[in-house]
Number of protein chains: 2
Amino acid sequence: MRGGNMKLSSEQQEIIERIGVFFERKGHQPILGRIMGLLLVLEEAEATFDEIQEYLSVSKSAVSNALTLLQSQNKVEYTTKPGERKRYFRLKVRNWRNDMQEDMQGIFRINALLKDVMATRSASNMEFNRCIQDFQQFIEFMKVEMPKLIEKYDRLHNS
Amino acid sequence: MRGGNMKLSSEQQEIIERIGVFFERKGHQPILGRIMGLLLVLEEAEATFDEIQEYLSVSKSAVSNALTLLQSQNKVEYTTKPGERKRYFRLKVRNWRNDMQEDMQGIFRINALLKDVMATRSASNMEFNRCIQDFQQFIEFMKVEMPKLIEKYDRLHNS
DNA sequence: ATTTTGGTTCTCTTTTTTATGAACTAACAA
DNA sequence: TTGTTAGTTCATAAAAAAGAGAACCAAAAT
């Protein structure tokens, strides 16, 4: 398999683990992050099912479930090569900017909850209410300005 | 205790649960989010240890640990009232804008990892490398522009 | 001095998550 | 037909997280 050299440098292993914990802390399960790390670190930027299994030394089922999940989350895709049945899995890096924007939108989703909170609150504690409203206003502002910022970036770089 | 009416409306309960899952999905443990929800929903915007226990019907230890954690995360603080030993716990709403900024910085932290990834990669797969670099550039841009945006907000509102 | 209040800490159970390994399947190969 | 490759699915084990409850402790009240 692929030149027979299945060894990762300790540098690479370390980065894989770090990327692993990064995604773990985002609420994903451990192997997901490690697979992403692996696919980032490999020169080819892709790997087959059993390469992933061997590099990370995890079970087939773990790999299978993780890949299914990553694909359903649009983080990974696969290509095939003519005459081969194996799938070559790789990161959908092009989606990452989008993912990041979604992550930011996710942060802002507290706003919908706060709106409902405010709907249940009376006017009896205006000091507190005012605090919440200020925060909401800030979120609103960011929610409006963020897309503009992204447009600006695209104008500067991709146009 | 506090007028003796320890009942939350079903509306309030529902919001507490929703806020609960919101924070749970951010990687926090369930009661943390529910306590935050409770403190958002109560008219007084504060509650004593045993009010929290009773409203949420959880154990003393759960409340104690959760409050300790929330305080260590700067999400909750307490005040006392003259002649009373009880602590009145409340949200540090004023910190939320800051928390949100930190959450956004957290999203950007992938950049440091990508920097280390790139340091290990050779020039052999430029197509992939380019993708990563583009993404990094985008993050850099956001990291620079975000503080400016916040300044802008402050200029418009708080000055 | 001893009781009560307001919590904290420790141990243990329950629940949830994560991963394993074996059995299974679908497609192709000999 | 029988075997092989490339995975998937299922039952379950192992490990981690969450929470309960009792014992505990320090400050204040009686």
# chains A, B, ... in the order shown; residues from 1 in each chain; ligands from 1

$ select_by_dssp --residues "segment 7-145 of chain A" --states "strand (DSSP E)" --output "number ranges by chain"
A: 46-48, 76-80, 87-91

$ closest_atom_pairs --of "segment 37-147 of chain A" --to "segment 1-18 of chain C" --cutoff "12 Å" --atoms "only C-alpha atoms (C1' of nucleotides)" --output "Markdown table"
| residue | atom | partner | partner_atom | distance |
| --- | --- | --- | --- | --- |
| A:Val58 | CA | C:DT18 | C1' | 11.4 |
| A:Ser59 | CA | C:DT18 | C1' | 11.6 |
| A:Ser61 | CA | C:DT18 | C1' | 11.4 |
| A:Ala62 | CA | C:DT18 | C1' | 8.8 |
| A:Asn65 | CA | C:DT18 | C1' | 11.1 |
| A:Ala66 | CA | C:DT18 | C1' | 11.1 |

$ write_last_selection --atoms "N, CA and C atoms" --output "compact mmCIF listing (two decimals), in the first residue's frame"
# COMPACT_ATOMS: atom_id res chain seq x y z
N VAL A 58 -7.11 2.13 14.64
CA VAL A 58 -8.45 1.97 15.20
C VAL A 58 -9.19 0.90 14.40
N SER A 59 -10.32 0.50 14.90
CA SER A 59 -11.04 -0.59 14.26
C SER A 59 -11.74 -0.17 12.97
N SER A 61 -14.83 -0.61 12.17
CA SER A 61 -16.14 0.02 12.43
C SER A 61 -15.98 1.47 12.84
N ALA A 62 -14.96 1.73 13.63
CA ALA A 62 -14.72 3.12 14.04
C ALA A 62 -14.47 3.99 12.81
N ASN A 65 -17.81 4.33 10.73
CA ASN A 65 -18.75 5.29 11.33
C ASN A 65 -18.25 6.72 11.23
N ALA A 66 -16.98 6.90 11.52
CA ALA A 66 -16.43 8.25 11.47
C ALA A 66 -16.53 8.82 10.06

$ interface_residues --of "chain A" --to "chain B" --cutoff "8 Å" --atoms "only C-alpha atoms" --output "JSON list (two decimals) with C-alpha atoms, in the first residue's frame"
[["chain", "number", "residue", "atom", "x", "y", "z"],
["A", 11, "GLU", "CA", 5.83, 15.59, 14.39],
["A", 12, "GLN", "CA", 2.90, 14.51, 12.28],
["A", 15, "ILE", "CA", -0.21, 17.54, 15.14],
["A", 18, "ARG", "CA", -3.65, 18.42, 18.61],
["A", 19, "ILE", "CA", -6.10, 18.70, 15.78],
["A", 22, "PHE", "CA", -9.34, 20.83, 18.80],
["A", 25, "ARG", "CA", -13.50, 20.33, 22.20],
["A", 26, "LYS", "CA", -15.88, 21.49, 19.54],
["A", 27, "GLY", "CA", -18.12, 18.63, 20.60],
["A", 40, "LEU", "CA", -4.24, 17.36, 6.63],
["A", 41, "VAL", "CA", -0.86, 15.97, 7.41],
["A", 42, "LEU", "CA", -0.46, 13.41, 4.64],
["A", 43, "GLU", "CA", 1.39, 14.73, 1.61],
["A", 44, "GLU", "CA", -1.20, 13.18, -0.68],
["A", 45, "ALA", "CA", -3.97, 14.78, 1.40],
["A", 93, "VAL", "CA", -11.27, 22.03, 2.36],
["A", 94, "ARG", "CA", -13.20, 24.29, 0.02],
["A", 96, "TRP", "CA", -14.20, 25.25, 5.40],
["A", 97, "ARG", "CA", -14.84, 28.91, 4.96],
["A", 100, "MET", "CA", -16.52, 28.71, 9.78],
["A", 103, "ASP", "CA", -19.85, 28.26, 13.38],
["A", 104, "MET", "CA", -20.10, 32.00, 13.80],
["A", 107, "ILE", "CA", -22.61, 31.60, 18.27],
["A", 110, "ILE", "CA", -28.21, 32.58, 21.43],
["A", 113, "LEU", "CA", -33.26, 32.20, 22.69],
["A", 116, "ASP", "CA", -37.93, 34.22, 23.71],
["A", 117, "VAL", "CA", -36.58, 34.91, 27.16],
["A", 120, "THR", "CA", -41.56, 35.93, 29.02],
["A", 121, "ARG", "CA", -40.07, 38.68, 31.20],
["A", 122, "SER", "CA", -42.09, 41.48, 32.70],
["A", 124, "SER", "CA", -40.18, 44.62, 36.70],
["A", 125, "ASN", "CA", -36.41, 44.26, 36.47],
["A", 128, "PHE", "CA", -31.36, 43.29, 34.03],
["A", 131, "CYS", "CA", -28.35, 44.34, 29.97],
["A", 132, "ILE", "CA", -29.86, 41.59, 27.91],
["A", 135, "PHE", "CA", -26.24, 42.27, 24.36],
["A", 138, "PHE", "CA", -24.59, 43.80, 19.85],
["A", 141, "PHE", "CA", -24.98, 44.35, 14.80],
["A", 142, "MET", "CA", -22.51, 41.53, 14.34],
["A", 145, "GLU", "CA", -21.85, 43.29, 9.67],
["A", 149, "LEU", "CA", -17.03, 41.73, 6.02],
["A", 153, "TYR", "CA", -12.86, 39.95, 1.65]]

$ interface_residues --of "chain C" --to "chain A" --cutoff "12 Å" --atoms "only C-alpha atoms (C1' of nucleotides)" --output "PyMOL selection string"
chain C and resi 17-22+27-28

$ interface_residues --of "chain D" --to "chain B" --cutoff "8 Å" --atoms "only C-alpha atoms (C1' of nucleotides)" --output "list of chain:residue names"
D:DA18, D:DG19, D:DA20

$ decode --residues "segment 69-92 of chain B" --atoms "C-alpha atoms" --output "JSON list (two decimals), in the first residue's frame"
[["chain", "number", "residue", "atom", "x", "y", "z"],
["B", 69, "LEU", "CA", -17.65, 25.86, 37.61],
["B", 70, "LEU", "CA", -19.80, 28.71, 36.38],
["B", 71, "GLN", "CA", -18.03, 31.08, 38.72],
["B", 72, "SER", "CA", -14.63, 29.85, 37.59],
["B", 73, "GLN", "CA", -15.76, 30.51, 34.03],
["B", 74, "ASN", "CA", -16.83, 34.00, 35.00],
["B", 75, "LYS", "CA", -20.38, 33.33, 33.96],
["B", 76, "VAL", "CA", -21.94, 33.63, 37.40],
["B", 77, "GLU", "CA", -21.23, 35.65, 40.51],
["B", 78, "TYR", "CA", -22.98, 36.08, 43.81],
["B", 79, "THR", "CA", -23.94, 38.85, 46.12],
["B", 80, "THR", "CA", -25.06, 38.68, 49.70],
["B", 81, "LYS", "CA", -27.67, 40.72, 51.49],
["B", 82, "PRO", "CA", -27.12, 42.42, 54.85],
["B", 83, "GLY", "CA", -28.08, 40.18, 57.71],
["B", 84, "GLU", "CA", -28.38, 37.11, 55.49],
["B", 85, "ARG", "CA", -25.95, 34.30, 55.02],
["B", 86, "LYS", "CA", -27.37, 33.05, 51.76],
["B", 87, "ARG", "CA", -25.65, 33.77, 48.52],
["B", 88, "TYR", "CA", -27.66, 35.23, 45.68],
["B", 89, "PHE", "CA", -26.31, 33.88, 42.43],
["B", 90, "ARG", "CA", -26.75, 35.77, 39.22],
["B", 91, "LEU", "CA", -25.42, 35.85, 35.69],
["B", 92, "LYS", "CA", -22.53, 38.13, 34.86]]
